[in-house]
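Structure data follow from work_25.cif (mmCIF, C-alpha atoms and all ligand atoms):
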```
data_start
loop_
_atom_site.label_atom_id
_atom_site.label_comp_id
_atom_site.auth_asym_id
_atom_site.auth_seq_id
_atom_site.Cartn_x
_atom_site.Cartn_y
_atom_site.Cartn_z
CA MET A 4 0.00 0.00 0.00
CA ILE A 5 1.10 3.59 -0.62
CA GLN A 6 2.68 5.16 2.46
CA VAL A 7 2.97 8.88 3.17
CA TYR A 8 5.34 10.24 5.78
CA GLY A 9 4.18 13.64 6.90
CA HIS A 10 2.99 15.89 9.68
CA ALA A 11 -0.13 18.03 10.14
CA ARG A 12 0.04 21.61 8.82
CA THR A 13 2.99 20.92 6.50
CA ARG A 14 3.46 20.31 2.80
CA SER A 15 2.47 16.66 3.30
CA LEU A 16 -1.13 17.93 3.10
CA ARG A 17 -0.55 18.35 -0.65
CA VAL A 18 0.13 14.65 -0.98
CA CYS A 19 -2.81 13.52 1.18
CA TRP A 20 -5.09 15.92 -0.68
CA ALA A 21 -3.99 14.43 -4.03
CA LEU A 22 -4.51 10.89 -2.74
CA GLU A 23 -7.97 11.78 -1.45
CA GLU A 24 -8.89 13.34 -4.81
CA ILE A 25 -7.79 10.13 -6.53
CA GLY A 26 -9.55 7.93 -3.99
CA ALA A 27 -6.45 5.80 -3.42
CA GLU A 28 -5.84 3.83 -0.25
CA TYR A 29 -2.80 4.94 1.73
CA ARG A 30 -1.22 4.80 5.13
CA PHE A 31 -0.26 8.10 6.75
CA ILE A 32 2.73 7.95 9.07
CA ASP A 33 3.25 10.93 11.34
CA VAL A 34 6.82 12.18 11.63
CA ASP A 35 7.07 14.19 14.82
CA LEU A 36 8.85 17.24 13.39
CA PRO A 37 8.92 19.30 16.64
CA SER A 38 10.84 16.51 18.39
CA GLY A 39 13.41 16.40 15.57
CA ALA A 40 12.32 12.91 14.41
CA ALA A 41 12.84 13.87 10.76
CA ARG A 42 16.55 14.38 11.38
CA ARG A 43 17.10 11.02 13.08
CA GLU A 44 17.01 7.38 12.07
CA PRO A 45 14.95 5.68 10.77
CA PHE A 46 13.48 8.66 8.87
CA ILE A 47 16.77 10.26 7.81
CA SER A 48 17.65 7.15 5.78
CA LEU A 49 14.46 7.59 3.80
CA ASN A 50 15.07 11.27 3.12
CA PRO A 51 18.59 12.54 3.81
CA GLY A 52 17.09 16.04 3.58
CA GLY A 53 15.21 15.34 6.82
CA LYS A 54 11.93 16.73 5.47
CA VAL A 55 8.38 15.64 4.83
CA PRO A 56 6.57 14.65 2.70
CA VAL A 57 8.03 11.34 1.58
CA LEU A 58 6.03 8.88 -0.50
CA LEU A 59 6.69 5.15 -0.59
CA ASP A 60 5.10 3.17 -3.38
CA GLY A 61 6.59 -0.27 -3.92
CA ASP A 62 10.31 0.26 -4.49
CA LEU A 63 9.86 3.97 -5.09
CA VAL A 64 10.87 6.45 -2.41
CA LEU A 65 9.92 9.94 -3.59
CA THR A 66 10.44 13.36 -2.04
CA GLU A 67 9.43 16.89 -3.16
CA SER A 68 5.69 17.54 -3.00
CA PRO A 69 5.23 18.69 -6.63
CA ALA A 70 7.03 15.59 -7.92
CA ILE A 71 4.90 13.39 -5.66
CA VAL A 72 1.51 14.81 -6.66
CA THR A 73 2.48 14.66 -10.34
CA TYR A 74 3.62 11.05 -9.99
CA LEU A 75 0.37 10.13 -8.24
CA GLY A 76 -1.70 11.74 -10.99
CA ASP A 77 0.25 10.08 -13.81
CA GLN A 78 0.25 6.69 -12.13
CA TYR A 79 -3.19 6.45 -10.56
CA ALA A 80 -5.48 8.96 -12.25
CA PRO A 81 -4.17 9.58 -15.78
CA GLY A 82 -5.78 12.61 -17.32
CA LYS A 83 -7.75 13.33 -14.12
CA LEU A 84 -5.41 15.02 -11.68
CA VAL A 85 -2.66 15.91 -14.15
CA PRO A 86 -3.00 16.37 -17.92
CA ALA A 87 -1.42 13.77 -20.23
CA VAL A 88 2.29 14.10 -20.97
CA GLY A 89 3.03 15.86 -24.27
CA THR A 90 -0.13 17.97 -24.36
CA LEU A 91 -0.35 21.75 -24.26
CA LEU A 92 -2.36 21.47 -21.08
CA ARG A 93 0.46 19.48 -19.49
CA ALA A 94 2.85 22.31 -20.36
CA ARG A 95 0.51 24.77 -18.58
CA TYR A 96 0.22 22.36 -15.68
CA GLU A 97 4.01 22.31 -15.31
CA GLN A 98 4.18 26.10 -15.60
CA TRP A 99 1.78 26.67 -12.70
CA SER A 100 3.21 23.89 -10.58
CA TYR A 101 6.68 25.39 -10.87
CA PHE A 102 5.22 28.83 -10.22
CA ALA A 103 3.60 27.56 -7.02
CA VAL A 104 6.84 26.28 -5.55
CA THR A 105 9.44 28.62 -7.00
CA GLU A 106 7.53 31.92 -6.94
CA LEU A 107 4.45 31.84 -4.70
CA GLU A 108 5.80 29.63 -1.95
CA GLN A 109 9.26 31.12 -1.67
CA PRO A 110 8.37 34.41 0.08
CA LEU A 111 6.31 32.43 2.62
CA TRP A 112 9.21 30.11 3.26
CA THR A 113 11.49 33.13 3.65
CA MET A 114 9.09 34.56 6.27
CA ALA A 115 8.96 31.23 8.09
CA LYS A 116 12.74 30.85 8.06
CA HIS A 117 13.39 34.31 9.42
CA ARG A 118 10.60 34.10 12.01
CA PHE A 119 11.21 30.66 13.50
CA ALA A 120 12.71 28.00 11.23
CA LEU A 121 16.36 29.12 11.10
CA PRO A 122 18.62 29.02 14.15
CA GLU A 123 18.10 32.34 15.94
CA ALA A 124 21.57 33.65 15.09
CA ARG A 125 20.87 33.22 11.36
CA ARG A 126 17.56 35.13 11.29
CA VAL A 127 17.49 38.51 9.55
CA PRO A 128 14.26 40.34 10.54
CA ALA A 129 14.48 42.72 7.55
CA MET A 130 13.96 39.75 5.23
CA ILE A 131 10.39 39.40 6.52
CA ASP A 132 9.22 42.80 5.26
CA CYS A 133 10.81 42.19 1.91
CA ALA A 134 9.15 38.78 1.63
CA VAL A 135 5.71 40.24 2.45
CA TRP A 136 6.16 42.74 -0.40
CA GLU A 137 7.38 40.02 -2.75
CA PHE A 138 4.41 37.79 -1.90
CA GLY A 139 1.96 40.62 -2.73
CA ARG A 140 3.61 41.05 -6.12
CA THR A 141 3.45 37.33 -6.85
CA LEU A 142 -0.25 37.16 -5.92
CA LYS A 143 -0.96 39.63 -8.73
CA ILE A 144 0.61 37.25 -11.25
CA LEU A 145 -1.58 34.41 -10.00
CA GLU A 146 -4.65 36.63 -10.20
CA LYS A 147 -3.92 37.44 -13.85
CA GLY A 148 -3.36 33.77 -14.60
CA LEU A 149 -6.71 32.68 -13.19
CA GLN A 150 -8.95 32.69 -16.24
CA GLY A 151 -11.52 30.21 -14.99
CA PRO A 152 -12.59 28.38 -11.85
CA TYR A 153 -9.24 26.57 -11.75
CA ILE A 154 -5.75 27.47 -12.88
CA LEU A 155 -6.02 25.31 -16.03
CA GLY A 156 -9.54 26.57 -16.79
CA ASP A 157 -12.55 24.36 -16.12
CA ALA A 158 -10.69 21.31 -14.85
CA PHE A 159 -9.27 20.95 -11.35
CA SER A 160 -5.68 19.63 -11.32
CA ALA A 161 -2.82 18.97 -8.93
CA ALA A 162 -1.53 22.45 -9.78
CA ASP A 163 -4.57 23.76 -7.85
CA ILE A 164 -3.51 21.59 -4.92
CA LEU A 165 -0.06 23.18 -4.90
CA LEU A 166 -1.44 26.70 -5.32
CA GLY A 167 -4.35 26.17 -2.92
CA HIS A 168 -2.16 24.75 -0.19
CA THR A 169 0.21 27.70 -0.57
CA LEU A 170 -2.68 30.19 -0.33
CA LEU A 171 -3.93 28.44 2.81
CA TRP A 172 -0.43 28.82 4.20
CA ALA A 173 -0.54 32.56 3.43
CA GLN A 174 -3.92 32.81 5.13
CA ALA A 175 -2.48 31.11 8.23
CA PHE A 176 0.27 33.76 8.17
CA LYS A 177 -2.53 36.40 8.06
CA LEU A 178 -1.17 37.97 4.87
CA GLU A 179 -3.39 40.41 3.04
CA MET A 180 -5.34 38.81 0.22
CA SER A 181 -8.11 41.14 -0.90
CA SER A 182 -8.56 40.20 -4.56
CA PRO A 183 -12.11 38.79 -5.03
CA THR A 184 -10.77 36.51 -7.78
CA LEU A 185 -8.23 34.96 -5.44
CA LEU A 186 -10.63 34.79 -2.50
CA ASP A 187 -13.23 33.02 -4.68
CA TYR A 188 -10.58 30.61 -5.92
CA LEU A 189 -9.41 29.81 -2.41
CA GLN A 190 -12.99 29.37 -1.23
CA ARG A 191 -13.70 26.97 -4.12
CA LEU A 192 -10.64 24.90 -3.27
CA SER A 193 -11.29 24.99 0.47
CA LEU A 194 -14.73 23.46 -0.06
CA ARG A 195 -13.38 20.33 -1.74
CA PRO A 196 -14.31 17.29 0.35
CA ALA A 197 -10.96 15.66 -0.48
CA LEU A 198 -9.14 18.51 1.28
CA ALA A 199 -11.29 18.12 4.40
CA ARG A 200 -10.63 14.37 4.42
CA ALA A 201 -6.87 14.91 4.01
CA MET A 202 -6.78 17.41 6.88
CA ALA A 203 -8.75 15.06 9.13
CA ARG A 204 -6.45 12.17 8.24
CA GLU A 205 -3.33 14.14 9.17
CA ALA A 206 -4.85 15.55 12.34
CA ALA A 207 -5.87 12.09 13.51
CA ALA A 208 -2.37 10.64 13.12
N1 LIG A 301 10.60 21.27 -1.29
C1 LIG A 301 10.09 20.36 -0.30
C2 LIG A 301 10.03 21.06 1.02
C3 LIG A 301 9.80 20.10 2.18
C4 LIG A 301 9.83 20.82 3.52
O1 LIG A 301 10.46 21.87 3.69
N2 LIG A 301 9.12 20.24 4.49
C5 LIG A 301 9.07 20.81 5.83
C6 LIG A 301 7.63 20.76 6.34
S1 LIG A 301 6.53 21.70 5.30
C7 LIG A 301 9.89 19.97 6.78
O2 LIG A 301 9.81 18.76 6.74
N3 LIG A 301 10.67 20.61 7.65
C8 LIG A 301 11.37 19.91 8.67
C9 LIG A 301 12.64 20.57 9.00
O3 LIG A 301 13.09 21.44 8.21
O4 LIG A 301 13.18 20.20 10.02
C10 LIG A 301 8.70 19.86 -0.76
O5 LIG A 301 7.98 20.62 -1.42
O6 LIG A 301 8.34 18.71 -0.46
#
```
Can the structure from this file be put into structure tokens for me?
Ligand SMILES: N[C@@H](CCC(=O)N[C@@H](CS)C(=O)NCC(=O)O)C(=O)O
Amino acid sequence: MIQVYGHARTRSLRVCWALEEIGAEYRFIDVDLPSGAARREPFISLNPGGKVPVLLDGDLVLTESPAIVTYLGDQYAPGKLVPAVGTLLRARYEQWSYFAVTELEQPLWTMAKHRFALPEARRVPAMIDCAVWEFGRTLKILEKGLQGPYILGDAFSAADILLGHTLLWAQAFKLEMSSPTLLDYLQRLSLRPALARAMAREAAA
């Protein structure tokens, strides 16, 4: 059976959300991040980076949330969660998935690092202000890109999982998000039953 190593309120939610959308069976294994379990054996042998999520599927051990959700779509829900390889829609899917993790997520990660994630001596408070500004700029790009109910138009895809999770993260950081287009989008994604199931699954672990 598919196994997901993760922890509530982290990027492992992306993976559980994708699995719930697909309707696949999986086992969720909590890695107690606050206790440092991700940086010790046995977990560190699975992911030398010491981070969640990690997916196990047969002999495959996969890290990096965008790679995992794309793999799951290709393998278990072809054409449903991710468009078929070689199509124009797949190219758009890749564009927005990369945007989610290299553009939209990065300012949030910068804020998190300089608020609490880095060792105290490495934190630079001025980085936080700059990241807030950068995030606002990046939101405008997403707003322009949203030409339909979902980022690829009428069809929901794993790119919406990556973007939606990142917007939920921004909401948890209480960042300003006043665009009706973005608020509608986030509301639409938040109402997906698969997301609620994924959150409950992680919280219960
Ligand atoms: N690029 C990775 C990032 C993974 C990551 O940073 N995970 C965080 C939780 S959201 C983590 O495990 N942090 C533990 C630590 O840094 O000690 C992905 O998208 O999967």
Practice task
Have a look at A:Val7, A:Ala41, A:Leu192, A:Val88 and name the one nearest to Val64 in chain A; count all atoms listed in the file.
Solution key: A:Val7
Listing only residues of chain A within 8 Å of ligand LIG 301 (chain A), what is the closest atom pair and its distance in Å (to one decimal) for each, using all atoms listed in the file, sorted by chain and residue number ascending, as a tab-separated table?
```
residue	atom	partner	partner_atom	distance
A:Gly9	CA	A:LIG301	O2	7.6
A:His10	CA	A:LIG301	C6	7.5
A:Arg12	CA	A:LIG301	S1	7.4
A:Thr13	CA	A:LIG301	S1	3.8
A:Arg14	CA	A:LIG301	S1	4.2
A:Ser15	CA	A:LIG301	S1	6.8
A:Leu36	CA	A:LIG301	C8	6.0
A:Pro37	CA	A:LIG301	O4	7.9
A:Gly39	CA	A:LIG301	O4	6.7
A:Ala41	CA	A:LIG301	O4	6.4
A:Arg42	CA	A:LIG301	O4	6.9
A:Gly53	CA	A:LIG301	O4	6.2
A:Lys54	CA	A:LIG301	O2	3.2
A:Val55	CA	A:LIG301	O2	3.9
A:Pro56	CA	A:LIG301	O6	5.4
A:Val57	CA	A:LIG301	O6	7.7
A:Thr66	CA	A:LIG301	O6	6.0
A:Glu67	CA	A:LIG301	O6	3.4
A:Ser68	CA	A:LIG301	O6	3.9
A:Pro69	CA	A:LIG301	O5	6.2
A:Val104	CA	A:LIG301	O5	7.1
A:Ala120	CA	A:LIG301	O3	7.2
```
Exercise for the section: Would you mind telling me which residue in A:Ile32, A:Leu91, A:Leu149, A:Leu65 lies nearest to Pro183 in chain A when using only C-alpha atoms? Expected result: A:Leu149
Problem - Within 12 Å of Arg191 in chain A using all atoms listed in the file, minus same-chain residues under 2 positions, as a PyMOL selection string - result: chain A and resi 151-154+159+163-164+167+183-189+193-196+198
For those residues, write C-alpha atoms to a file as a PDB file, keeping the file's coordinate frame.
```
ATOM      1  CA  GLY A 151     -11.520  30.210 -14.990  1.00  0.00           C
ATOM      2  CA  PRO A 152     -12.590  28.380 -11.850  1.00  0.00           C
ATOM      3  CA  TYR A 153      -9.240  26.570 -11.750  1.00  0.00           C
ATOM      4  CA  ILE A 154      -5.750  27.470 -12.880  1.00  0.00           C
ATOM      5  CA  PHE A 159      -9.270  20.950 -11.350  1.00  0.00           C
ATOM      6  CA  ASP A 163      -4.570  23.760  -7.850  1.00  0.00           C
ATOM      7  CA  ILE A 164      -3.510  21.590  -4.920  1.00  0.00           C
ATOM      8  CA  GLY A 167      -4.350  26.170  -2.920  1.00  0.00           C
ATOM      9  CA  PRO A 183     -12.110  38.790  -5.030  1.00  0.00           C
ATOM     10  CA  THR A 184     -10.770  36.510  -7.780  1.00  0.00           C
ATOM     11  CA  LEU A 185      -8.230  34.960  -5.440  1.00  0.00           C
ATOM     12  CA  LEU A 186     -10.630  34.790  -2.500  1.00  0.00           C
ATOM     13  CA  ASP A 187     -13.230  33.020  -4.680  1.00  0.00           C
ATOM     14  CA  TYR A 188     -10.580  30.610  -5.920  1.00  0.00           C
ATOM     15  CA  LEU A 189      -9.410  29.810  -2.410  1.00  0.00           C
ATOM     16  CA  SER A 193     -11.290  24.990   0.470  1.00  0.00           C
ATOM     17  CA  LEU A 194     -14.730  23.460  -0.060  1.00  0.00           C
ATOM     18  CA  ARG A 195     -13.380  20.330  -1.740  1.00  0.00           C
ATOM     19  CA  PRO A 196     -14.310  17.290   0.350  1.00  0.00           C
ATOM     20  CA  LEU A 198      -9.140  18.510   1.280  1.00  0.00           C
TER      21      LEU A 198
END
```
Using all atoms listed in the file, I'd like a table of the residues in range 43-133 of chain A that come within 10 Å of range 173-179 of chain A; for each, show the closest atom pair and its distance in Å rounded to one decimal, ordered by chain and ascending number, as JSON lines.
```
{"residue": "A:Leu107", "atom": "CA", "partner": "A:Ala173", "partner_atom": "CA", "distance": 9.6}
{"residue": "A:Glu108", "atom": "CA", "partner": "A:Ala173", "partner_atom": "CA", "distance": 8.8}
{"residue": "A:Pro110", "atom": "CA", "partner": "A:Ala173", "partner_atom": "CA", "distance": 9.7}
{"residue": "A:Leu111", "atom": "CA", "partner": "A:Ala173", "partner_atom": "CA", "distance": 6.9}
{"residue": "A:Met114", "atom": "CA", "partner": "A:Phe176", "partner_atom": "CA", "distance": 9.1}
{"residue": "A:Ala115", "atom": "CA", "partner": "A:Phe176", "partner_atom": "CA", "distance": 9.1}
```
Fill in the blank from the handout: With distances taken over only C-alpha atoms, the candidate from A:Gln98, A:Ser38, A:Gln6, A:Thr113 nearest Leu22 in chain A is A:Gln6
Exercise for the section: For Lys83 in chain A, please output as a list in words all residues within 10 Å (counting only C-alpha atoms; exclusion window: fewer than 3 positions along the same chain). Expected result: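 Contacts, with the query itself left out: Glu24, Ile25, Gly76, Asp77, Tyr79, Ala80, Pro86, Ala87, Ala158, Phe159, Ser160 and Ala161 of chain A.
Note that CA of Asp33 in chain A and CA of Ala11 in chain A are 8.0 Å apart.
Distance-wise, CA of Met130 in chain A and CA of Gly148 in chain A end up 27.0 Å apart.
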Exercise for the section: May I ask which of the residues A:Trp99, A:Trp172, A:Phe138, A:Trp112 is the closest one to Leu155 in chain A, counting only C-alpha atoms? Expected result: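 Closest to Leu155 in chain A of all the choices is A:Trp99.
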Practice task
Would you kindly return, as a ChimeraX atom specification, each protein, DNA or RNA residue with an atom no farther than 8 Å from any atom of Arg118 in chain A, considering only C-alpha atoms and excluding same-chain residues fewer than 5 positions away?
Solution key: /A:126,128,131
Exercise for the section: Figure out the distance between CA of Leu121 in chain A and CA of Asp35 in chain A, please, to one decimal in Å. Expected result: 18.0 Å
Which centre and edge lengths in Å to one decimal define the box along x, y and z that fits every listed atom of range 179-182 of chain A plus 5 Å per side, as lines of an AutoDock Vina configuration file?
```
center_x = -6.0
center_y = 40.0
center_z = -0.8
size_x = 15.2
size_y = 12.3
size_z = 17.6
```
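Taking all atoms listed in the file, the non-local environment of Ala197 in chain A within 7 Å (same-chain residues fewer than 4 positions away omitted) comprises Trp20, Glu23, Glu24 and Ala201 of chain A.
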Expected file: the selected residues, C-alpha atoms, as an mmCIF file, in the frame of the given file:
```cif
data_model
loop_
_atom_site.group_PDB
_atom_site.id
_atom_site.type_symbol
_atom_site.label_atom_id
_atom_site.label_comp_id
_atom_site.auth_asym_id
_atom_site.auth_seq_id
_atom_site.Cartn_x
_atom_site.Cartn_y
_atom_site.Cartn_z
ATOM 1 C CA TRP A 20 -5.090 15.920 -0.680
ATOM 2 C CA GLU A 23 -7.970 11.780 -1.450
ATOM 3 C CA GLU A 24 -8.890 13.340 -4.810
ATOM 4 C CA ALA A 201 -6.870 14.910 4.010
#
```
